[in-house]
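Q: Below is one structure. I have some questions about it.
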Amino acid sequence: MKIFPQLPGLVHGGDYNPDQWLDRPDILEKDIEYFKEAGINCVTLGVFAWAAEEPTEDDFQLDWLAQIMDRLYQNGIYIILATPTGARPAWLDEKYPEAMRCDERGVRNHHGLRHNHCMSSPAFRDRVRAIDTALAERFADHPGLLMWHISNELGGYCYCEHCKYAWQEWLRGRYHDDIEELNKAWWTGFWSHRFNDFSQIEPPYANGETALLGMNVDWRRFETFLATDFMRFEIDTLHAVKPDVPVTTNFMELFYDYDYNYMKEFVDYISWDNYPEMHRTEVSDSRTMIERSFMHSMFRSMKPDRPFMMMESAPGLVNWKPYNKYRRPGVHELISMQAVADGSDTVQYFQLRKSRGASEQWHGAVIDHIGTDDTRIFKEVAKTGADLAAIAEVTGSVAKNEAAILYDWDNRWALDDAQMLSNETKNFDETCTNIYEEFMRLGVCPNIISSDADWSHYRIICAPMLYLLHDGIGRKIADFVKNGGQFLATYCMGYVDKTTLANLGGFPGQGLSEVFGLKSEEIDTLYPEDNVNLRLSDQPLKPTDAGKPEWSSSAEPISCFDLTKVTGKSVAVHDYEELLRDVTADVLAIYENDYMAGTPAITRNAYGKGCAWYVAARVDQDDIRPIYEEMLDNAGIDHTLLPEGLEKTSRYSDNVRYDFYLNCTAEPLTVENVSGTALLGPAAEGGRLTLPPYGVAVFKIGVRNSV
Ligand code: GAL
């Protein structure tokens, strides 16, 4: 499925701010020449251009934009047009101060910066409606217009009176106008925090109520709803003038504020901004690339039937990391091609021309202050443009993934907010990425999905630290396994329900202890210096072989194996270990030392036609590789161990598969069993492909019934 039927191939483009250069027609003219030279076929216009588009209230000045759009289009360059609402002109804040957000103490901001509007302010929405309508009336039929881009990087919370009222209304809806239902869900008997009426509920001000964890997670859900409502308001405004022009908004990495799995439904295409920090001393480039691949996969999985867009990335460097390092030669293309390899049909940049002043004047750009096309970065961008053209035929192809990792925003929020474990080491995102990395080492690219997603395409699902269970998830997991799925869960599984109330009767809740054949009784937090190990048993152990634990008669149901009789590899445990009880599952590993010694640490439970796996302690995933291999074998998914730092992913279209190979290291890498015709990069000789440092290759293979 092609995102832009108007274009023959992949999009190569980015944010362009001619509004900052209107007094330099010579530069604007030269830009177009350079764009063509670099294979730029699309620009994103109008991000933050409100003051140029409406310099004073209701005085819409759009001729300059029309001229630029016409000129670009005449030169074969298409346009994604942004609504400018990510930053406000001074006149607007002066006349309508309620457009400015209140901070978490309820104090109104001053004018300035960006991404800081109040999304519930009626006056602000009126002004948004006016500018969006003016843009749509003027440009919705422009032949060069590909898509609307809504605002920019929606984010943040406002704590003003309008938002407080909207929050109370949202709560009334969620709790059926029944304050007792809310009191129960939030456990407000605690510290006498009971409410008599919805009107008493304030936002979680920094100097107010933050002890009700159910409230905190609901607040973030509400903020997601509000941002989505604002985004939809903009979409509806544009579509009221002309329906059917596709829309997107740029998401941000593993952004914390909003649940993108909720927002994703209301845009036509998913786009996101990708700013990897390469060449770090403490993190290898290949790990950085894995983290990025994880994010690409997450955005791809939001609409798995179509390509996504990498809407921003930096040519050369950014200017807002702790250390702003230039990417080494070749890395620009690697980062760009990784997006395509993982399912993007666009490689877009922030920014095409570097601004002359203000806070982003030193951010990387295709055209630098020197103003020539013979810079290293320009040449690397132009090479990427040519290489994207060489693989144009991949446009519209999609990935097919049969393994998935669950990633729920409210789980993440609730886990971080829970007063337990160690705030130093909860590391939910890292835990998910580690599992992703292990699959990628085995040549399998997982999707990253919400627990509410459609699971029917998957044969393996992993749920790292799925602390909070949405309604009905226990049943869904049980059915998935019963019907032949491999489901792997870890420590912290199913402790609370969606309101953050603890599940009673043993974890994991919602009947899952039957699916996994165990209960979790304690979770212990380790110091980094603690030495705890588990032993991967050479043979699966039957729980019936276990004796009784020695340390307490009250803990009788906990199985305890004789350590002297169990042989196998010793594996270090980090950060967390759970004490399991009532184990009926096969035991694959036991704790070796500390007070849980001899008790089960990793289990496998045959349930229906599938298996439910439980990893009760945090370990390095490559230490338990045999478990992944067995799951993949059980699921009938091909796997091969790839060299470290080599990423391989595939995209499919009618009877064709495209295999992408990326060398994410500064050393040459060789990979075996490569087949197909090389579309890009070195050819494989006798199935053996050697990629230069940071090198990329794309192969095309004919397959049957690929989509
Ligand atoms: C993005 C933003 C752009 C620009 C860029 C700099 O987050 O959308 O407008 O600021 O960062 O890296």
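Going through the structure tokens in order, the chains are called A, B, and so on, while each chain numbers its residues from 1 and the ligands are numbered from 1 in the order shown.
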Show me, as a PyMOL selection string, the residues that have an atom within 12 Å of Gly13 in chain A when counting only C-alpha atoms, minus same-chain residues fewer than 6 positions from it.
A: chain A and resi 32+34-36+38-45+77-80+309-315+336+345-353+365-366+381-382+384-385+388
Q: Residues within 9 Å of ligand 1, counting only C-alpha atoms and all ligand atoms: report them as a CSV table (one decimal) with all heavy atoms, in the first residue's frame.
A:
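Writing done, so here's out.csv:
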```csv
chain,number,residue,atom,x,y,z
A,15,ASP,N,11.8,19.0,6.9
A,15,ASP,CA,11.2,20.3,7.3
A,15,ASP,C,12.0,21.4,6.5
A,15,ASP,O,13.2,21.5,6.5
A,15,ASP,CB,11.4,20.6,8.8
A,15,ASP,CG,10.3,19.9,9.6
A,15,ASP,OD1,9.7,18.9,9.1
A,15,ASP,OD2,10.1,20.3,10.8
A,47,VAL,N,5.7,24.4,9.4
A,47,VAL,CA,5.8,24.0,10.9
A,47,VAL,C,6.3,25.3,11.6
A,47,VAL,O,7.3,25.8,11.3
A,47,VAL,CB,6.8,22.9,11.1
A,47,VAL,CG1,6.9,22.5,12.5
A,47,VAL,CG2,6.5,21.7,10.2
A,48,PHE,N,5.5,25.7,12.5
A,48,PHE,CA,5.8,26.9,13.4
A,48,PHE,C,5.7,28.2,12.5
A,48,PHE,O,6.4,29.2,12.9
A,48,PHE,CB,7.1,26.8,14.0
A,48,PHE,CG,7.4,25.6,14.8
A,48,PHE,CD1,8.6,24.8,14.5
A,48,PHE,CD2,6.6,25.1,15.8
A,48,PHE,CE1,8.8,23.7,15.2
A,48,PHE,CE2,6.8,24.0,16.5
A,48,PHE,CZ,8.0,23.2,16.2
A,86,GLY,N,2.0,24.4,16.6
A,86,GLY,CA,3.0,24.0,17.6
A,86,GLY,C,3.7,25.2,18.4
A,86,GLY,O,4.3,25.0,19.4
A,152,ASN,N,2.9,20.0,15.7
A,152,ASN,CA,4.2,19.3,15.7
A,152,ASN,C,4.5,18.7,17.0
A,152,ASN,O,4.3,19.4,18.1
A,152,ASN,CB,5.3,20.4,15.4
A,152,ASN,CG,6.6,19.7,15.1
A,152,ASN,OD1,6.8,19.1,14.0
A,152,ASN,ND2,7.6,19.9,15.9
A,153,GLU,N,4.8,17.5,17.1
A,153,GLU,CA,5.2,16.8,18.3
A,153,GLU,C,4.3,17.2,19.5
A,153,GLU,O,4.8,17.8,20.5
A,153,GLU,CB,6.7,17.1,18.6
A,153,GLU,CG,7.6,16.5,17.6
A,153,GLU,CD,9.1,16.6,18.0
A,153,GLU,OE1,9.5,17.4,18.8
A,153,GLU,OE2,9.9,15.7,17.5
A,250,ASN,N,3.6,14.0,14.0
A,250,ASN,CA,4.9,13.3,14.2
A,250,ASN,C,5.0,12.9,15.7
A,250,ASN,O,5.0,13.7,16.6
A,250,ASN,CB,6.1,14.1,13.8
A,250,ASN,CG,6.0,15.6,14.3
A,250,ASN,OD1,5.0,16.1,14.8
A,250,ASN,ND2,7.1,16.3,14.0
A,251,PHE,N,5.0,11.6,15.9
A,251,PHE,CA,5.3,11.1,17.3
A,251,PHE,C,6.7,11.1,17.6
A,251,PHE,O,7.6,11.3,16.7
A,251,PHE,CB,4.8,9.6,17.3
A,251,PHE,CG,3.3,9.4,17.2
A,251,PHE,CD1,2.7,8.2,16.8
A,251,PHE,CD2,2.4,10.4,17.6
A,251,PHE,CE1,1.4,8.0,16.7
A,251,PHE,CE2,1.0,10.3,17.5
A,251,PHE,CZ,0.5,9.1,17.0
A,252,MET,N,7.0,10.9,18.9
A,252,MET,CA,8.4,11.0,19.3
A,252,MET,C,8.9,9.8,20.1
A,252,MET,O,8.5,9.6,21.2
A,252,MET,CB,8.5,12.2,20.3
A,252,MET,CG,8.3,13.6,19.7
A,252,MET,SD,8.2,14.8,20.9
A,252,MET,CE,6.5,14.7,21.3
A,273,ASP,N,9.8,10.9,14.7
A,273,ASP,CA,11.0,11.7,14.6
A,273,ASP,C,12.1,10.9,15.3
A,273,ASP,O,12.1,10.6,16.5
A,273,ASP,CB,10.9,13.0,15.3
A,273,ASP,CG,9.8,13.9,14.6
A,273,ASP,OD1,9.4,13.5,13.5
A,273,ASP,OD2,9.4,14.9,15.2
A,274,ASN,N,13.2,10.6,14.5
A,274,ASN,CA,14.2,9.7,15.0
A,274,ASN,C,15.6,10.3,15.1
A,274,ASN,O,16.2,10.7,14.2
A,274,ASN,CB,14.3,8.6,13.9
A,274,ASN,CG,15.3,7.5,14.2
A,274,ASN,OD1,15.7,7.3,15.3
A,274,ASN,ND2,15.9,6.9,13.1
A,275,TYR,N,16.0,10.5,16.4
A,275,TYR,CA,17.3,11.1,16.7
A,275,TYR,C,18.2,10.3,17.5
A,275,TYR,O,18.4,10.5,18.7
A,275,TYR,CB,17.0,12.5,17.4
A,275,TYR,CG,16.3,13.5,16.5
A,275,TYR,CD1,15.0,13.8,16.6
A,275,TYR,CD2,17.0,14.1,15.5
A,275,TYR,CE1,14.4,14.7,15.8
A,275,TYR,CE2,16.4,15.0,14.6
A,275,TYR,CZ,15.1,15.3,14.8
A,275,TYR,OH,14.5,16.2,13.9
A,311,MET,N,9.6,10.9,9.9
A,311,MET,CA,9.3,12.3,9.5
A,311,MET,C,10.5,13.3,9.8
A,311,MET,O,10.5,14.3,9.2
A,311,MET,CB,8.1,12.8,10.2
A,311,MET,CG,7.5,14.0,9.6
A,311,MET,SD,5.8,14.0,9.7
A,311,MET,CE,5.4,15.3,8.6
A,312,GLU,N,11.3,13.0,10.8
A,312,GLU,CA,12.4,13.8,11.0
A,312,GLU,C,13.6,12.9,11.4
A,312,GLU,O,13.4,11.9,12.0
A,312,GLU,CB,12.2,14.8,12.2
A,312,GLU,CG,11.2,15.8,12.0
A,312,GLU,CD,11.1,16.8,13.2
A,312,GLU,OE1,12.0,16.8,14.0
A,312,GLU,OE2,10.0,17.4,13.3
A,313,SER,N,14.8,13.4,11.0
A,313,SER,CA,16.1,12.8,11.4
A,313,SER,C,17.1,13.8,11.1
A,313,SER,O,16.8,14.8,10.4
A,313,SER,CB,16.3,11.5,10.7
A,313,SER,OG,16.5,11.7,9.3
A,314,ALA,N,18.3,13.7,11.7
A,314,ALA,CA,19.2,14.8,11.6
A,314,ALA,C,20.3,14.5,10.6
A,314,ALA,O,20.9,13.5,10.6
A,314,ALA,CB,19.9,15.0,13.0
A,317,LEU,N,24.1,16.0,12.7
A,317,LEU,CA,24.1,16.0,14.1
A,317,LEU,C,22.9,16.8,14.6
A,317,LEU,O,22.3,17.6,13.9
A,317,LEU,CB,25.4,16.6,14.7
A,317,LEU,CG,25.5,18.2,14.8
A,317,LEU,CD1,26.8,18.5,15.5
A,317,LEU,CD2,25.5,18.8,13.4
A,318,VAL,N,22.5,16.6,15.9
A,318,VAL,CA,21.6,17.5,16.6
A,318,VAL,C,22.3,18.5,17.5
A,318,VAL,O,23.5,18.4,17.6
A,318,VAL,CB,20.5,16.7,17.4
A,318,VAL,CG1,19.7,15.8,16.5
A,318,VAL,CG2,21.2,16.0,18.5
A,319,ASN,N,21.6,19.4,18.1
A,319,ASN,CA,22.3,20.4,19.0
A,319,ASN,C,21.7,20.4,20.4
A,319,ASN,O,21.9,21.3,21.1
A,319,ASN,CB,22.2,21.8,18.4
A,319,ASN,CG,20.8,22.3,18.4
A,319,ASN,OD1,19.8,21.6,18.4
A,319,ASN,ND2,20.7,23.6,18.5
A,320,TRP,N,21.0,19.3,20.7
A,320,TRP,CA,20.4,19.3,22.0
A,320,TRP,C,20.7,18.1,22.9
A,320,TRP,O,20.1,17.9,23.9
A,320,TRP,CB,18.8,19.4,21.9
A,320,TRP,CG,18.2,18.6,20.8
A,320,TRP,CD1,18.0,18.9,19.5
A,320,TRP,CD2,17.8,17.2,21.0
A,320,TRP,NE1,17.5,17.8,18.8
A,320,TRP,CE2,17.3,16.8,19.7
A,320,TRP,CE3,17.8,16.3,22.1
A,320,TRP,CZ2,16.8,15.5,19.5
A,320,TRP,CZ3,17.2,15.0,21.8
A,320,TRP,CH2,16.8,14.7,20.6
A,349,TYR,N,14.1,14.8,7.0
A,349,TYR,CA,15.0,15.4,7.9
A,349,TYR,C,14.4,16.7,8.6
A,349,TYR,O,13.6,17.3,8.1
A,349,TYR,CB,16.2,15.9,7.1
A,349,TYR,CG,16.8,14.9,6.2
A,349,TYR,CD1,16.9,15.1,4.8
A,349,TYR,CD2,17.3,13.7,6.7
A,349,TYR,CE1,17.5,14.2,4.0
A,349,TYR,CE2,17.9,12.7,5.9
A,349,TYR,CZ,18.0,13.0,4.5
A,349,TYR,OH,18.5,12.0,3.7
A,350,PHE,N,14.9,16.9,9.8
A,350,PHE,CA,14.9,18.3,10.3
A,350,PHE,C,16.4,18.7,10.2
A,350,PHE,O,17.2,18.1,11.0
A,350,PHE,CB,14.4,18.4,11.7
A,350,PHE,CG,14.5,19.8,12.2
A,350,PHE,CD1,13.4,20.6,12.0
A,350,PHE,CD2,15.6,20.3,12.8
A,350,PHE,CE1,13.5,22.0,12.4
A,350,PHE,CE2,15.7,21.6,13.2
A,350,PHE,CZ,14.6,22.5,13.0
A,351,GLN,N,16.7,19.6,9.4
A,351,GLN,CA,16.0,20.5,8.6
A,351,GLN,C,16.7,20.6,7.2
A,351,GLN,O,17.8,20.1,7.1
A,351,GLN,CB,16.0,21.8,9.3
A,351,GLN,CG,17.4,22.2,9.7
A,351,GLN,CD,17.5,23.4,10.7
A,351,GLN,OE1,16.6,24.2,10.8
A,351,GLN,NE2,18.6,23.4,11.4
A,360,GLU,N,18.1,26.9,17.3
A,360,GLU,CA,18.5,25.7,16.4
A,360,GLU,C,19.5,26.0,15.3
A,360,GLU,O,19.6,25.3,14.4
A,360,GLU,CB,17.2,25.0,15.9
A,360,GLU,CG,16.5,24.3,17.0
A,360,GLU,CD,15.3,23.5,16.6
A,360,GLU,OE1,14.7,23.8,15.6
A,360,GLU,OE2,14.9,22.6,17.4
A,363,HIS,N,21.9,23.2,14.7
A,363,HIS,CA,21.4,21.9,14.4
A,363,HIS,C,21.8,21.5,13.0
A,363,HIS,O,21.7,22.3,12.1
A,363,HIS,CB,19.9,21.9,14.6
A,363,HIS,CG,19.3,20.5,14.6
A,363,HIS,ND1,19.1,19.8,13.5
A,363,HIS,CD2,18.7,19.8,15.6
A,363,HIS,CE1,18.5,18.6,13.8
A,363,HIS,NE2,18.3,18.6,15.1
A,364,GLY,N,22.1,20.2,12.8
A,364,GLY,CA,22.4,19.8,11.4
A,364,GLY,C,21.3,20.0,10.4
A,364,GLY,O,20.1,20.1,10.7
```
Q: Could you pull the residues within 9 Å of Pro329 in chain A, counting only C-alpha atoms, minus those fewer than 3 positions along the same chain, as a list in words?
A: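 The residues that qualify are His332, Glu333, Arg376, Ile377, Glu380 and Tyr694 of chain A.
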Q: Env of range 161-170 of chain A: 12 Å cut, atoms = only C-alpha atoms, seq-sep filter 2 positions within chain, self excluded. Answer as a PyMOL selection string.
A: chain A and resi 98-108+117-124+157-159+172-179+182+197-205+215-216+218-227+229
Q: Using the selection just defined, write its residues with N, CA and C atoms as a compact mmCIF listing (two decimals), in the first residue's frame.
A:
```
# COMPACT_ATOMS: atom_id res chain seq x y z
N GLU A 98 -5.14 32.73 28.07
CA GLU A 98 -5.53 31.36 28.42
C GLU A 98 -4.95 30.33 27.45
N ALA A 99 -4.42 30.79 26.30
CA ALA A 99 -3.77 29.85 25.37
C ALA A 99 -2.46 29.32 25.96
N MET A 100 -1.92 30.08 26.92
CA MET A 100 -0.64 29.66 27.53
C MET A 100 -0.93 28.67 28.65
N ARG A 101 -0.16 27.64 28.65
CA ARG A 101 -0.34 26.56 29.63
C ARG A 101 -0.08 26.98 31.07
N CYS A 102 -0.69 26.26 32.02
CA CYS A 102 -0.31 26.40 33.43
C CYS A 102 0.57 25.21 33.80
N ASP A 103 1.56 25.47 34.62
CA ASP A 103 2.48 24.39 34.99
C ASP A 103 1.88 23.50 36.07
N GLU A 104 2.65 22.55 36.57
CA GLU A 104 2.07 21.54 37.47
C GLU A 104 1.77 22.07 38.87
N ARG A 105 2.03 23.38 39.07
CA ARG A 105 1.52 24.01 40.29
C ARG A 105 0.34 24.91 39.98
N GLY A 106 -0.08 24.90 38.72
CA GLY A 106 -1.23 25.71 38.33
C GLY A 106 -0.85 27.15 37.99
N VAL A 107 0.45 27.42 37.83
CA VAL A 107 0.90 28.79 37.55
C VAL A 107 1.02 28.98 36.03
N ARG A 108 0.45 30.08 35.54
CA ARG A 108 0.44 30.34 34.09
C ARG A 108 1.85 30.63 33.57
N HIS A 117 0.85 25.02 24.42
CA HIS A 117 -0.49 25.60 24.42
C HIS A 117 -1.43 24.76 25.28
N CYS A 118 -2.47 25.41 25.75
CA CYS A 118 -3.50 24.69 26.49
C CYS A 118 -4.46 24.06 25.48
N MET A 119 -4.60 22.76 25.55
CA MET A 119 -5.40 22.09 24.51
C MET A 119 -6.89 22.16 24.78
N SER A 120 -7.28 22.61 25.98
CA SER A 120 -8.72 22.72 26.20
C SER A 120 -9.21 24.16 26.14
N SER A 121 -8.32 25.12 25.98
CA SER A 121 -8.75 26.52 25.96
C SER A 121 -9.66 26.81 24.75
N PRO A 122 -10.89 27.26 24.99
CA PRO A 122 -11.79 27.57 23.87
C PRO A 122 -11.24 28.70 23.00
N ALA A 123 -10.64 29.71 23.61
CA ALA A 123 -10.12 30.83 22.81
C ALA A 123 -9.00 30.35 21.90
N PHE A 124 -8.14 29.49 22.43
CA PHE A 124 -7.05 28.98 21.58
C PHE A 124 -7.62 28.14 20.43
N TYR A 157 1.49 18.54 29.50
CA TYR A 157 0.22 18.64 30.23
C TYR A 157 0.00 20.09 30.67
N CYS A 158 -1.25 20.47 30.77
CA CYS A 158 -1.61 21.78 31.30
C CYS A 158 -2.47 21.59 32.54
N TYR A 159 -2.30 22.48 33.51
CA TYR A 159 -3.00 22.34 34.79
C TYR A 159 -3.86 23.57 35.07
N ARG A 172 -16.07 11.81 35.17
CA ARG A 172 -17.51 11.48 35.27
C ARG A 172 -17.88 10.43 34.23
N GLY A 173 -17.37 10.63 33.03
CA GLY A 173 -17.67 9.66 31.96
C GLY A 173 -17.07 8.30 32.28
N ARG A 174 -15.86 8.29 32.73
CA ARG A 174 -15.17 7.01 32.96
C ARG A 174 -15.80 6.24 34.11
N TYR A 175 -16.25 6.97 35.12
CA TYR A 175 -16.80 6.30 36.31
C TYR A 175 -18.32 6.44 36.40
N HIS A 176 -18.95 6.57 35.25
CA HIS A 176 -20.41 6.53 35.14
C HIS A 176 -21.09 7.48 36.11
N ASP A 177 -20.48 8.63 36.28
CA ASP A 177 -21.05 9.66 37.16
C ASP A 177 -21.24 9.16 38.59
N ASP A 178 -20.50 8.17 38.97
CA ASP A 178 -20.69 7.55 40.28
C ASP A 178 -19.39 7.73 41.09
N ILE A 179 -19.41 8.64 42.02
CA ILE A 179 -18.18 8.96 42.76
C ILE A 179 -17.72 7.77 43.60
N LEU A 182 -15.49 5.61 41.59
CA LEU A 182 -14.13 6.18 41.53
C LEU A 182 -13.40 5.97 42.86
N ASP A 197 -17.56 14.37 45.73
CA ASP A 197 -18.11 14.81 44.46
C ASP A 197 -16.96 14.99 43.45
N PHE A 198 -17.26 14.81 42.19
CA PHE A 198 -16.24 14.96 41.15
C PHE A 198 -15.63 16.37 41.16
N SER A 199 -16.41 17.34 41.59
CA SER A 199 -15.91 18.73 41.57
C SER A 199 -14.76 18.93 42.57
N GLN A 200 -14.58 17.99 43.50
CA GLN A 200 -13.47 18.13 44.46
C GLN A 200 -12.14 17.65 43.88
N ILE A 201 -12.19 17.01 42.72
CA ILE A 201 -10.96 16.37 42.21
C ILE A 201 -10.14 17.37 41.39
N GLU A 202 -8.96 17.63 41.87
CA GLU A 202 -8.06 18.53 41.14
C GLU A 202 -7.12 17.69 40.27
N PRO A 203 -6.45 18.34 39.34
CA PRO A 203 -5.38 17.60 38.65
C PRO A 203 -4.31 17.23 39.69
N PRO A 204 -3.47 16.29 39.39
CA PRO A 204 -2.40 15.96 40.35
C PRO A 204 -1.33 17.05 40.38
N TYR A 205 -1.66 18.19 40.98
CA TYR A 205 -0.69 19.28 41.11
C TYR A 205 0.55 18.77 41.83
N MET A 215 -5.37 7.54 40.38
CA MET A 215 -5.58 8.88 39.86
C MET A 215 -4.46 9.27 38.89
N ASN A 216 -3.23 8.96 39.29
CA ASN A 216 -2.10 9.35 38.45
C ASN A 216 -2.16 8.69 37.07
N ASP A 218 -4.87 7.54 35.64
CA ASP A 218 -6.02 8.10 34.93
C ASP A 218 -5.70 9.49 34.36
N TRP A 219 -4.94 10.28 35.11
CA TRP A 219 -4.57 11.62 34.63
C TRP A 219 -3.83 11.52 33.29
N ARG A 220 -2.91 10.57 33.20
CA ARG A 220 -2.18 10.42 31.93
C ARG A 220 -3.10 9.91 30.82
N ARG A 221 -4.05 9.07 31.20
CA ARG A 221 -5.02 8.63 30.18
C ARG A 221 -5.85 9.83 29.72
N PHE A 222 -6.24 10.66 30.68
CA PHE A 222 -7.02 11.85 30.33
C PHE A 222 -6.20 12.77 29.43
N GLU A 223 -4.93 12.97 29.75
CA GLU A 223 -4.10 13.85 28.93
C GLU A 223 -3.95 13.30 27.51
N THR A 224 -3.90 11.98 27.41
CA THR A 224 -3.87 11.35 26.08
C THR A 224 -5.16 11.68 25.33
N PHE A 225 -6.26 11.54 26.06
CA PHE A 225 -7.56 11.83 25.45
C PHE A 225 -7.61 13.29 24.99
N LEU A 226 -7.13 14.20 25.84
CA LEU A 226 -7.22 15.63 25.53
C LEU A 226 -6.36 15.98 24.32
N ALA A 227 -5.13 15.47 24.29
CA ALA A 227 -4.25 15.76 23.15
C ALA A 227 -4.86 15.18 21.87
N ASP A 229 -8.03 14.68 21.34
CA ASP A 229 -9.19 15.49 21.02
C ASP A 229 -8.77 16.77 20.30
```
Q: I need the residues of range 96-223 of chain A that end up classed as helix (DSSP H, G or I) by DSSP on the backbone, written out as a PyMOL selection string.
A: chain A and resi 97-99+122-139+161-174+179-186+190-192+198-200+213-223
Q: Of the candidates A:Met295, A:Leu468, A:Val128, A:Cys664, which one gets nearest to Ala502 in chain A if we count only C-alpha atoms?
A: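 Between A:Met295, A:Leu468, A:Val128, A:Cys664, the residue approaching Ala502 in chain A most closely is A:Leu468.
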Q: For Ser344 in chain A, which residue among A:Asn533, A:Asn17, A:Thr237, A:Ser297 is the nearest when counting only C-alpha atoms?
A: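 Going through A:Asn533, A:Asn17, A:Thr237, A:Ser297 one by one, the smallest distance to Ser344 in chain A is for A:Ser297.
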Q: A:Gln510, A:Ser451, A:Gln621, A:Ser286: which is nearest Asn434 in chain A, counting only C-alpha atoms?
A: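 Closest to Asn434 in chain A of all the choices is A:Gln621.
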Q: Please, which residues of range 413-546 of chain A, numbered as in this document, come out strand (DSSP E) from DSSP, as a ChimeraX atom specification?
A: /A:447-449,460-463,486-490,519-525,532-541
Q: At a cut-off of 9 Å, using only C-alpha atoms, what residues contact Pro8 in chain A? Leave out same-chain residues fewer than 6 positions from it and give the result as an NGL selection string.
A: :A and (392-393 or 395)
Q: Show me, as a PDB file with N, CA and C atoms, in the first residue's frame, the residues that have an atom within 9 Å of Trp186 in chain A when counting only C-alpha atoms, minus same-chain residues fewer than 6 positions from it.
A:
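Now in result.pdb:
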```
ATOM      1  N   LEU A 212      -2.506   9.016  45.125  1.00  0.00           N
ATOM      2  CA  LEU A 212      -3.482   8.031  44.624  1.00  0.00           C
ATOM      3  C   LEU A 212      -3.002   7.549  43.257  1.00  0.00           C
ATOM      4  N   LEU A 213      -2.508   6.338  43.230  1.00  0.00           N
ATOM      5  CA  LEU A 213      -1.854   5.872  42.003  1.00  0.00           C
ATOM      6  C   LEU A 213      -2.853   5.673  40.873  1.00  0.00           C
ATOM      7  N   GLY A 214      -4.074   5.305  41.242  1.00  0.00           N
ATOM      8  CA  GLY A 214      -5.127   5.162  40.226  1.00  0.00           C
ATOM      9  C   GLY A 214      -5.427   6.501  39.580  1.00  0.00           C
ATOM     10  N   MET A 215      -5.366   7.537  40.382  1.00  0.00           N
ATOM     11  CA  MET A 215      -5.581   8.884  39.856  1.00  0.00           C
ATOM     12  C   MET A 215      -4.457   9.268  38.892  1.00  0.00           C
ATOM     13  N   THR A 499      -6.967  -0.146  37.134  1.00  0.00           N
ATOM     14  CA  THR A 499      -7.016   1.029  38.011  1.00  0.00           C
ATOM     15  C   THR A 499      -5.835   1.041  38.986  1.00  0.00           C
ATOM     16  N   THR A 500      -4.971   0.092  38.864  1.00  0.00           N
ATOM     17  CA  THR A 500      -3.782  -0.126  39.719  1.00  0.00           C
ATOM     18  C   THR A 500      -4.112  -0.771  41.066  1.00  0.00           C
ATOM     19  N   LEU A 501      -5.315  -1.321  41.226  1.00  0.00           N
ATOM     20  CA  LEU A 501      -5.603  -2.112  42.437  1.00  0.00           C
ATOM     21  C   LEU A 501      -4.926  -3.466  42.297  1.00  0.00           C
TER      22      LEU A 501
END
```
Q: Could you tell me how far CA of His369 in chain A lies from CA of Ile27 in chain A, in Å and to one decimal?
A: 11.0 Å
Q: Please identify all polymer residues within 8 Å of Val696 in chain A, counting only C-alpha atoms, omitting same-chain residues fewer than 6 positions from it, and present them as a PyMOL selection string.
A: chain A and resi 334+337+660-663+680-681
Q: Limited to N, CA, C and O atoms, could you put the picked residues into a file as an mmCIF file, in the first residue's frame?
A:
```cif
data_model
loop_
_atom_site.group_PDB
_atom_site.id
_atom_site.type_symbol
_atom_site.label_atom_id
_atom_site.label_comp_id
_atom_site.auth_asym_id
_atom_site.auth_seq_id
_atom_site.Cartn_x
_atom_site.Cartn_y
_atom_site.Cartn_z
ATOM 1 N N LEU A 334 23.207 4.810 6.840
ATOM 2 C CA LEU A 334 22.816 3.659 7.658
ATOM 3 C C LEU A 334 21.515 3.970 8.415
ATOM 4 O O LEU A 334 20.567 3.171 8.413
ATOM 5 N N MET A 337 18.598 4.222 5.956
ATOM 6 C CA MET A 337 18.178 2.937 5.392
ATOM 7 C C MET A 337 17.583 2.023 6.459
ATOM 8 O O MET A 337 16.765 1.165 6.150
ATOM 9 N N PHE A 660 16.957 -6.637 3.812
ATOM 10 C CA PHE A 660 17.876 -5.537 4.117
ATOM 11 C C PHE A 660 18.937 -6.038 5.092
ATOM 12 O O PHE A 660 18.586 -6.658 6.110
ATOM 13 N N TYR A 661 20.175 -5.759 4.806
ATOM 14 C CA TYR A 661 21.278 -6.090 5.712
ATOM 15 C C TYR A 661 21.975 -4.796 6.110
ATOM 16 O O TYR A 661 22.373 -4.018 5.237
ATOM 17 N N LEU A 662 22.099 -4.577 7.402
ATOM 18 C CA LEU A 662 22.749 -3.347 7.879
ATOM 19 C C LEU A 662 23.911 -3.714 8.781
ATOM 20 O O LEU A 662 23.730 -4.487 9.727
ATOM 21 N N ASN A 663 25.053 -3.168 8.474
ATOM 22 C CA ASN A 663 26.189 -3.341 9.383
ATOM 23 C C ASN A 663 26.203 -2.143 10.338
ATOM 24 O O ASN A 663 26.548 -1.023 9.942
ATOM 25 N N LEU A 680 21.035 -2.965 -3.949
ATOM 26 C CA LEU A 680 21.873 -1.906 -3.393
ATOM 27 C C LEU A 680 22.992 -2.548 -2.595
ATOM 28 O O LEU A 680 22.758 -3.537 -1.892
ATOM 29 N N GLY A 681 24.177 -1.975 -2.700
ATOM 30 C CA GLY A 681 25.290 -2.460 -1.886
ATOM 31 C C GLY A 681 26.024 -3.594 -2.555
ATOM 32 O O GLY A 681 25.715 -3.971 -3.694
#
```
